[in-house]
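Student: Supplied structure: model.pdb, PDB, C-alpha atoms.
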ATOM      1  CA  MET A   1     128.536  77.914  61.825
ATOM      2  CA  GLN A   2     126.836  75.275  59.735
ATOM      3  CA  ARG A   3     127.152  75.093  55.982
ATOM      4  CA  ARG A   4     123.397  75.667  55.540
ATOM      5  CA  GLN A   5     123.581  78.931  57.548
ATOM      6  CA  VAL A   6     126.486  80.172  55.430
ATOM      7  CA  LEU A   7     124.689  79.359  52.185
ATOM      8  CA  SER A   8     121.488  80.976  53.425
ATOM      9  CA  GLY A   9     123.382  84.126  54.365
ATOM     10  CA  LEU A  10     125.098  84.264  50.970
ATOM     11  CA  SER A  11     121.765  83.810  49.188
ATOM     12  CA  ILE A  12     120.215  86.713  51.102
ATOM     13  CA  ALA A  13     123.249  88.904  50.400
ATOM     14  CA  ALA A  14     123.095  88.020  46.677
ATOM     15  CA  LEU A  15     119.428  89.022  46.505
ATOM     16  CA  GLY A  16     120.328  92.356  48.073
ATOM     17  CA  LEU A  17     122.946  92.947  45.418
ATOM     18  CA  LEU A  18     120.386  92.318  42.688
ATOM     19  CA  GLY A  19     118.588  95.480  43.714
ATOM     20  CA  LEU A  20     115.468  93.868  45.065
ATOM     21  CA  PRO A  21     113.513  96.115  47.403
ATOM     22  CA  ARG A  22     114.936  96.132  50.886
ATOM     23  CA  GLN A  23     113.225  96.931  54.153
ATOM     24  CA  ALA A  24     114.990  98.557  57.057
ATOM     25  CA  PHE A  25     114.348  96.764  60.318
ATOM     26  CA  CYS A  26     114.877  98.434  63.674
ATOM     27  CA  ILE A  27     113.666  98.148  67.218
ATOM     28  CA  GLY A  28     110.041  99.098  66.800
ATOM     29  CA  GLY A  29     109.368  97.417  63.478
ATOM     30  CA  VAL A  30     109.945  98.031  59.796
ATOM     31  CA  LEU A  31     110.838 101.596  58.875
ATOM     32  CA  PRO A  32     109.134 103.190  55.888
ATOM     33  CA  ALA A  33     111.432 103.537  52.878
ATOM     34  CA  LEU A  34     113.275 106.777  52.199
ATOM     35  CA  ASP A  35     112.377 108.697  49.041
ATOM     36  CA  GLN A  36     108.882 107.163  49.088
ATOM     37  CA  PRO A  37     105.579 108.673  50.267
ATOM     38  CA  ALA A  38     105.411 108.893  54.045
ATOM     39  CA  PRO A  39     102.716 106.757  55.694
ATOM     40  CA  ASP A  40      99.475 108.698  55.973
ATOM     41  CA  PHE A  41      97.981 109.450  59.369
ATOM     42  CA  THR A  42      95.061 111.144  61.069
ATOM     43  CA  LEU A  43      95.207 111.491  64.853
ATOM     44  CA  GLN A  44      93.572 113.418  67.666
ATOM     45  CA  GLY A  45      95.724 115.512  69.947
ATOM     46  CA  VAL A  46      96.379 119.078  70.974
ATOM     47  CA  VAL A  47      97.551 122.152  69.085
ATOM     48  CA  PRO A  48      98.318 125.649  70.322
ATOM     49  CA  SER A  49      95.349 128.025  70.203
ATOM     50  CA  SER A  50      95.552 131.743  69.429
ATOM     51  CA  SER A  51      95.597 132.381  73.196
ATOM     52  CA  GLY A  52      98.581 130.042  73.625
ATOM     53  CA  GLU A  53      96.605 127.322  75.412
ATOM     54  CA  ALA A  54      96.580 123.764  74.097
ATOM     55  CA  GLU A  55      93.265 122.869  72.494
ATOM     56  CA  ALA A  56      91.891 119.586  71.186
ATOM     57  CA  ALA A  57      92.304 119.063  67.444
ATOM     58  CA  GLN A  58      92.750 116.453  64.773
ATOM     59  CA  ARG A  59      95.691 116.538  62.369
ATOM     60  CA  SER A  60      96.533 114.534  59.254
ATOM     61  CA  LEU A  61      99.646 114.289  57.133
ATOM     62  CA  SER A  62      97.797 116.234  54.427
ATOM     63  CA  ASP A  63      97.443 119.214  56.809
ATOM     64  CA  PHE A  64     101.188 119.766  56.419
ATOM     65  CA  ALA A  65     101.368 119.450  52.613
ATOM     66  CA  GLY A  66     103.373 122.199  50.967
ATOM     67  CA  GLY A  67     105.878 122.476  53.803
ATOM     68  CA  TRP A  68     108.484 120.312  55.471
ATOM     69  CA  LEU A  69     107.385 118.234  58.461
ATOM     70  CA  VAL A  70     109.468 117.009  61.373
ATOM     71  CA  LEU A  71     107.485 114.082  62.779
ATOM     72  CA  TYR A  72     108.943 112.756  65.998
ATOM     73  CA  PHE A  73     107.763 109.800  68.046
ATOM     74  CA  TYR A  74     108.511 109.587  71.746
ATOM     75  CA  PRO A  75     107.616 107.191  74.605
ATOM     76  CA  ARG A  76     105.871 109.284  77.289
ATOM     77  CA  ASP A  77     104.984 112.783  78.389
ATOM     78  CA  PHE A  78     106.807 114.061  81.484
ATOM     79  CA  THR A  79     109.702 111.576  81.349
ATOM     80  CA  GLU A  80     113.239 112.915  81.444
ATOM     81  CA  GLY A  81     114.372 112.064  77.900
ATOM     82  CA  CYS A  82     111.061 113.049  76.332
ATOM     83  CA  THR A  83     111.068 116.374  78.176
ATOM     84  CA  ILE A  84     114.622 117.128  77.007
ATOM     85  CA  GLU A  85     113.667 116.289  73.416
ATOM     86  CA  ALA A  86     110.452 118.354  73.535
ATOM     87  CA  ARG A  87     112.289 121.347  75.009
ATOM     88  CA  GLY A  88     114.877 121.141  72.224
ATOM     89  CA  PHE A  89     112.242 121.251  69.507
ATOM     90  CA  GLN A  90     110.491 124.126  71.295
ATOM     91  CA  ARG A  91     113.775 126.051  71.663
ATOM     92  CA  ASP A  92     114.468 125.671  67.919
ATOM     93  CA  LEU A  93     110.849 126.005  66.735
ATOM     94  CA  GLU A  94     111.333 129.462  65.225
ATOM     95  CA  ALA A  95     114.346 128.203  63.243
ATOM     96  CA  PHE A  96     112.281 125.248  61.980
ATOM     97  CA  HIS A  97     109.491 127.614  60.918
ATOM     98  CA  HIS A  98     112.026 129.903  59.230
ATOM     99  CA  ALA A  99     113.273 126.857  57.275
ATOM    100  CA  GLY A 100     109.690 126.077  56.202
ATOM    101  CA  ALA A 101     109.013 123.182  58.584
ATOM    102  CA  ASP A 102     106.411 122.298  61.168
ATOM    103  CA  VAL A 103     107.195 120.072  64.151
ATOM    104  CA  VAL A 104     104.755 117.439  65.422
ATOM    105  CA  GLY A 105     105.235 114.990  68.301
ATOM    106  CA  ILE A 106     103.420 111.652  68.586
ATOM    107  CA  SER A 107     103.141 109.279  71.541
ATOM    108  CA  ALA A 108     100.617 106.828  72.963
ATOM    109  CA  ASP A 109      99.686 109.288  75.732
ATOM    110  CA  SER A 110      96.170 110.742  75.802
ATOM    111  CA  ALA A 111      95.285 114.177  74.486
ATOM    112  CA  GLU A 112      94.682 115.232  78.092
ATOM    113  CA  SER A 113      98.215 114.217  79.057
ATOM    114  CA  HIS A 114      99.542 116.075  76.012
ATOM    115  CA  ALA A 115      97.635 119.217  77.055
ATOM    116  CA  GLU A 116      99.186 119.054  80.528
ATOM    117  CA  PHE A 117     102.648 118.423  79.041
ATOM    118  CA  CYS A 118     102.293 121.363  76.633
ATOM    119  CA  GLY A 119     101.212 123.603  79.521
ATOM    120  CA  SER A 120     103.997 122.419  81.802
ATOM    121  CA  GLU A 121     106.730 122.857  79.171
ATOM    122  CA  ALA A 122     105.207 125.815  77.237
ATOM    123  CA  LEU A 123     105.172 123.766  74.018
ATOM    124  CA  THR A 124     103.627 125.556  71.057
ATOM    125  CA  TYR A 125     103.563 122.785  68.471
ATOM    126  CA  PRO A 126     101.090 119.902  68.046
ATOM    127  CA  LEU A 127     101.300 116.716  70.085
ATOM    128  CA  LEU A 128      99.184 113.882  68.729
ATOM    129  CA  SER A 129      97.840 110.825  70.547
ATOM    130  CA  ASP A 130      98.382 107.319  69.121
ATOM    131  CA  PRO A 131      97.005 105.114  71.950
ATOM    132  CA  GLY A 132      96.869 101.861  69.974
ATOM    133  CA  GLY A 133     100.102 102.554  68.141
ATOM    134  CA  SER A 134      98.642 102.275  64.620
ATOM    135  CA  VAL A 135     100.573 105.265  63.256
ATOM    136  CA  SER A 136     103.663 104.394  65.281
ATOM    137  CA  LYS A 137     103.543 100.896  63.748
ATOM    138  CA  ALA A 138     103.279 102.369  60.235
ATOM    139  CA  TYR A 139     106.489 104.282  60.950
ATOM    140  CA  GLY A 140     108.290 101.296  62.527
ATOM    141  CA  SER A 141     108.239 103.071  65.876
ATOM    142  CA  TRP A 142     106.168 100.865  68.188
ATOM    143  CA  ILE A 143     106.932  98.423  70.958
ATOM    144  CA  SER A 144     103.723  98.036  72.918
ATOM    145  CA  PRO A 145     102.682  99.990  74.879
ATOM    146  CA  PHE A 146     105.002 102.820  73.770
ATOM    147  CA  SER A 147     106.121 104.698  70.695
ATOM    148  CA  GLN A 148     109.868 104.497  70.230
ATOM    149  CA  ARG A 149     112.119 107.548  69.998
ATOM    150  CA  HIS A 150     112.336 107.928  66.199
ATOM    151  CA  THR A 151     112.178 111.046  64.021
ATOM    152  CA  PHE A 152     111.194 111.452  60.378
ATOM    153  CA  LEU A 153     111.720 114.375  58.016
ATOM    154  CA  ILE A 154     109.025 114.622  55.352
ATOM    155  CA  ASP A 155     109.297 117.010  52.402
ATOM    156  CA  PRO A 156     106.536 119.341  51.104
ATOM    157  CA  GLU A 157     105.378 116.658  48.649
ATOM    158  CA  GLY A 158     104.868 114.121  51.459
ATOM    159  CA  VAL A 159     108.023 112.142  50.644
ATOM    160  CA  LEU A 160     110.114 110.723  53.495
ATOM    161  CA  ARG A 161     113.623 112.201  53.199
ATOM    162  CA  GLU A 162     115.424 111.277  56.420
ATOM    163  CA  THR A 163     115.004 108.968  59.415
ATOM    164  CA  TRP A 164     116.600 108.909  62.864
ATOM    165  CA  VAL A 165     116.182 105.854  65.097
ATOM    166  CA  ALA A 166     117.125 105.329  68.734
ATOM    167  CA  VAL A 167     117.410 109.102  69.093
ATOM    168  CA  ARG A 168     119.501 110.642  71.846
ATOM    169  CA  PRO A 169     117.294 113.505  73.093
ATOM    170  CA  SER A 170     120.028 115.997  73.934
ATOM    171  CA  GLY A 171     120.967 117.959  70.823
ATOM    172  CA  HIS A 172     118.603 116.010  68.561
ATOM    173  CA  SER A 173     116.644 119.077  67.495
ATOM    174  CA  GLN A 174     119.823 120.720  66.193
ATOM    175  CA  GLU A 175     120.723 117.525  64.329
ATOM    176  CA  VAL A 176     117.334 117.523  62.588
ATOM    177  CA  LEU A 177     117.533 121.257  61.837
ATOM    178  CA  THR A 178     120.941 120.822  60.190
ATOM    179  CA  SER A 179     119.594 118.032  57.977
ATOM    180  CA  LEU A 180     116.474 120.028  57.157
ATOM    181  CA  LYS A 181     118.551 122.966  55.924
ATOM    182  CA  ARG A 182     120.762 120.675  53.817
ATOM    183  CA  LEU A 183     117.837 118.771  52.328
ATOM    184  CA  ALA A 184     115.808 121.919  51.650
ATOM    185  CA  ALA A 185     118.780 123.302  49.705
ATOM    186  CA  ASP A 186     119.122 119.996  47.788
ATOM    187  CA  HIS A 187     115.375 119.826  47.017
ATOM    188  CA  PRO A 188     114.364 123.445  46.344
ATOM    189  CA  SER A 189     111.258 122.407  44.401
ATOM    190  CA  ALA A 190     110.095 120.057  47.162
TER     191      ALA A 190
END
Output the file's structure in the form of structure tokens.

Tutor:
Amino acid sequence: MQRRQVLSGLSIAALGLLGLPRQAFCIGGVLPALDQPAPDFTLQGVVPSSSGEAEAAQRSLSDFAGGWLVLYFYPRDFTEGCTIEARGFQRDLEAFHHAGADVVGISADSAESHAEFCGSEALTYPLLSDPGGSVSKAYGSWISPFSQRHTFLIDPEGVLRETWVAVRPSGHSQEVLTSLKRLAADHPSA
């Protein structure tokens, strides 16, 4: 290692110790900071109708104000890992609702693909379409042409409280539910 590299590394480390704002980098981009407002979004997609069918709708972050939000990004409808993850959130959906949280999935797939995926897997929570990756990029979850498997827990005030990157689909829903219950107890006014 050259002397210049060592000095450069020490300088960067020293700046970090001074408390300057830090950004978390991950595969997919720069993650939004914890304990700060979550990036806003408005996307088209599908939501469950009163008859149980998926219907076209638009959802924004503000639509979930006043309750916790589990916002998960995933690569593609109908793939093995994404199906396992979606089934887990569906299986635990009642527990999420009981804890005061909604669940929303986002990928680059079309609303039509989402409607077919919801029908095939009996999903009863919104799936939103981010074809250009603009929202995925805002959440540090984009490597073109796919959203990356990341999950974010947003409190009722719209503040980002927890982040999971490079998610392992099996058991992930339970992991998020456990954190939700802990955080909800720690932030009763949120």

Student: If I take CA of His172 (chain A) and CA of Ala185 (chain A), how far is one from the other in Å, to one decimal?

Tutor: 20.2 Å

Student: Return as JSON, numbers by chain the set of residues that the PyMOL selection byres ((chain A and resi 167) around 10) yields on the displayed structure.

Tutor: {"A": [72, 73, 74, 81, 85, 148, 149, 150, 151, 163, 164, 165, 166, 168, 169, 170, 171, 172]}

Student: Which one of A:Ala38, A:Ala122, A:Leu127, A:Ala108 sits closest to Ser144 (chain A) if you count only C-alpha atoms?

Tutor: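 Closest to Ser144 (chain A), using only C-alpha atoms: A:Ala108.
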
Student: Name the residues in contact with Ser107 (chain A) at a cut-off of 7 Å, using all atoms listed in the file, excluding same-chain residues fewer than 2 positions from it; report them as a list of chain:residue names.

Tutor: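 Contacts, with the query itself left out: A:Phe73, A:Tyr74, A:Pro75, A:Arg76, A:Gly105, A:Asp109, A:Leu128, A:Ser129, A:Asp130, A:Ser147.
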
Student: Using CA of Gly140 (chain A) and CA of Cys82 (chain A) as the two end points, give the distance in Å to one decimal.

Tutor: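 So the two atoms, CA of Gly140 (chain A) and CA of Cys82 (chain A), lie 18.3 Å apart.
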
Student: If you measure from CA of Phe78 (chain A) to CA of Phe96 (chain A), what distance in Å do you get, rounded to one decimal?

Tutor: 23.1 Å

Student: If you count only C-alpha atoms, which residues fall within 8 Å of Phe41 (chain A), apart from same-chain ones fewer than 4 positions away, as an NGL selection string?

Tutor: :A and (60-61 or 135)

Student: Can you list, as number ranges by chain, the residues that the PyMOL selection byres ((chain A and resi 43) around 6) selects here?

Tutor: A: 42, 44, 58-59

Student: When you look at Glu94 (chain A) with a cut-off of 12 Å (counting all atoms listed in the file), what residues show up, excluding the ones that are within fewer than 5 positions of it in the same chain? I need them as a PyMOL selection string.

Tutor: chain A and resi 88-89+99-103+124-125+173+177

Student: Looking at A:Gly66, A:Pro145, A:Gly132, A:Pro126, which one is nearest to Ala86 (chain A), with distances taken over only C-alpha atoms?

Tutor: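 Of the candidates, the smallest distance to Ala86 (chain A) is held by A:Pro126.
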
Student: Find the spatial neighbours of Ala115 (chain A), counting all atoms listed in the file, within a cut-off of 9 Å - ignore same-chain residues fewer than 4 positions away - and output them as a list in words.

Tutor: Gly45, Val46, Val47, Glu53, Ala54, Glu55, Ala56, Ser110, Ala111, Gly119, Ser120 and Leu127 of chain A
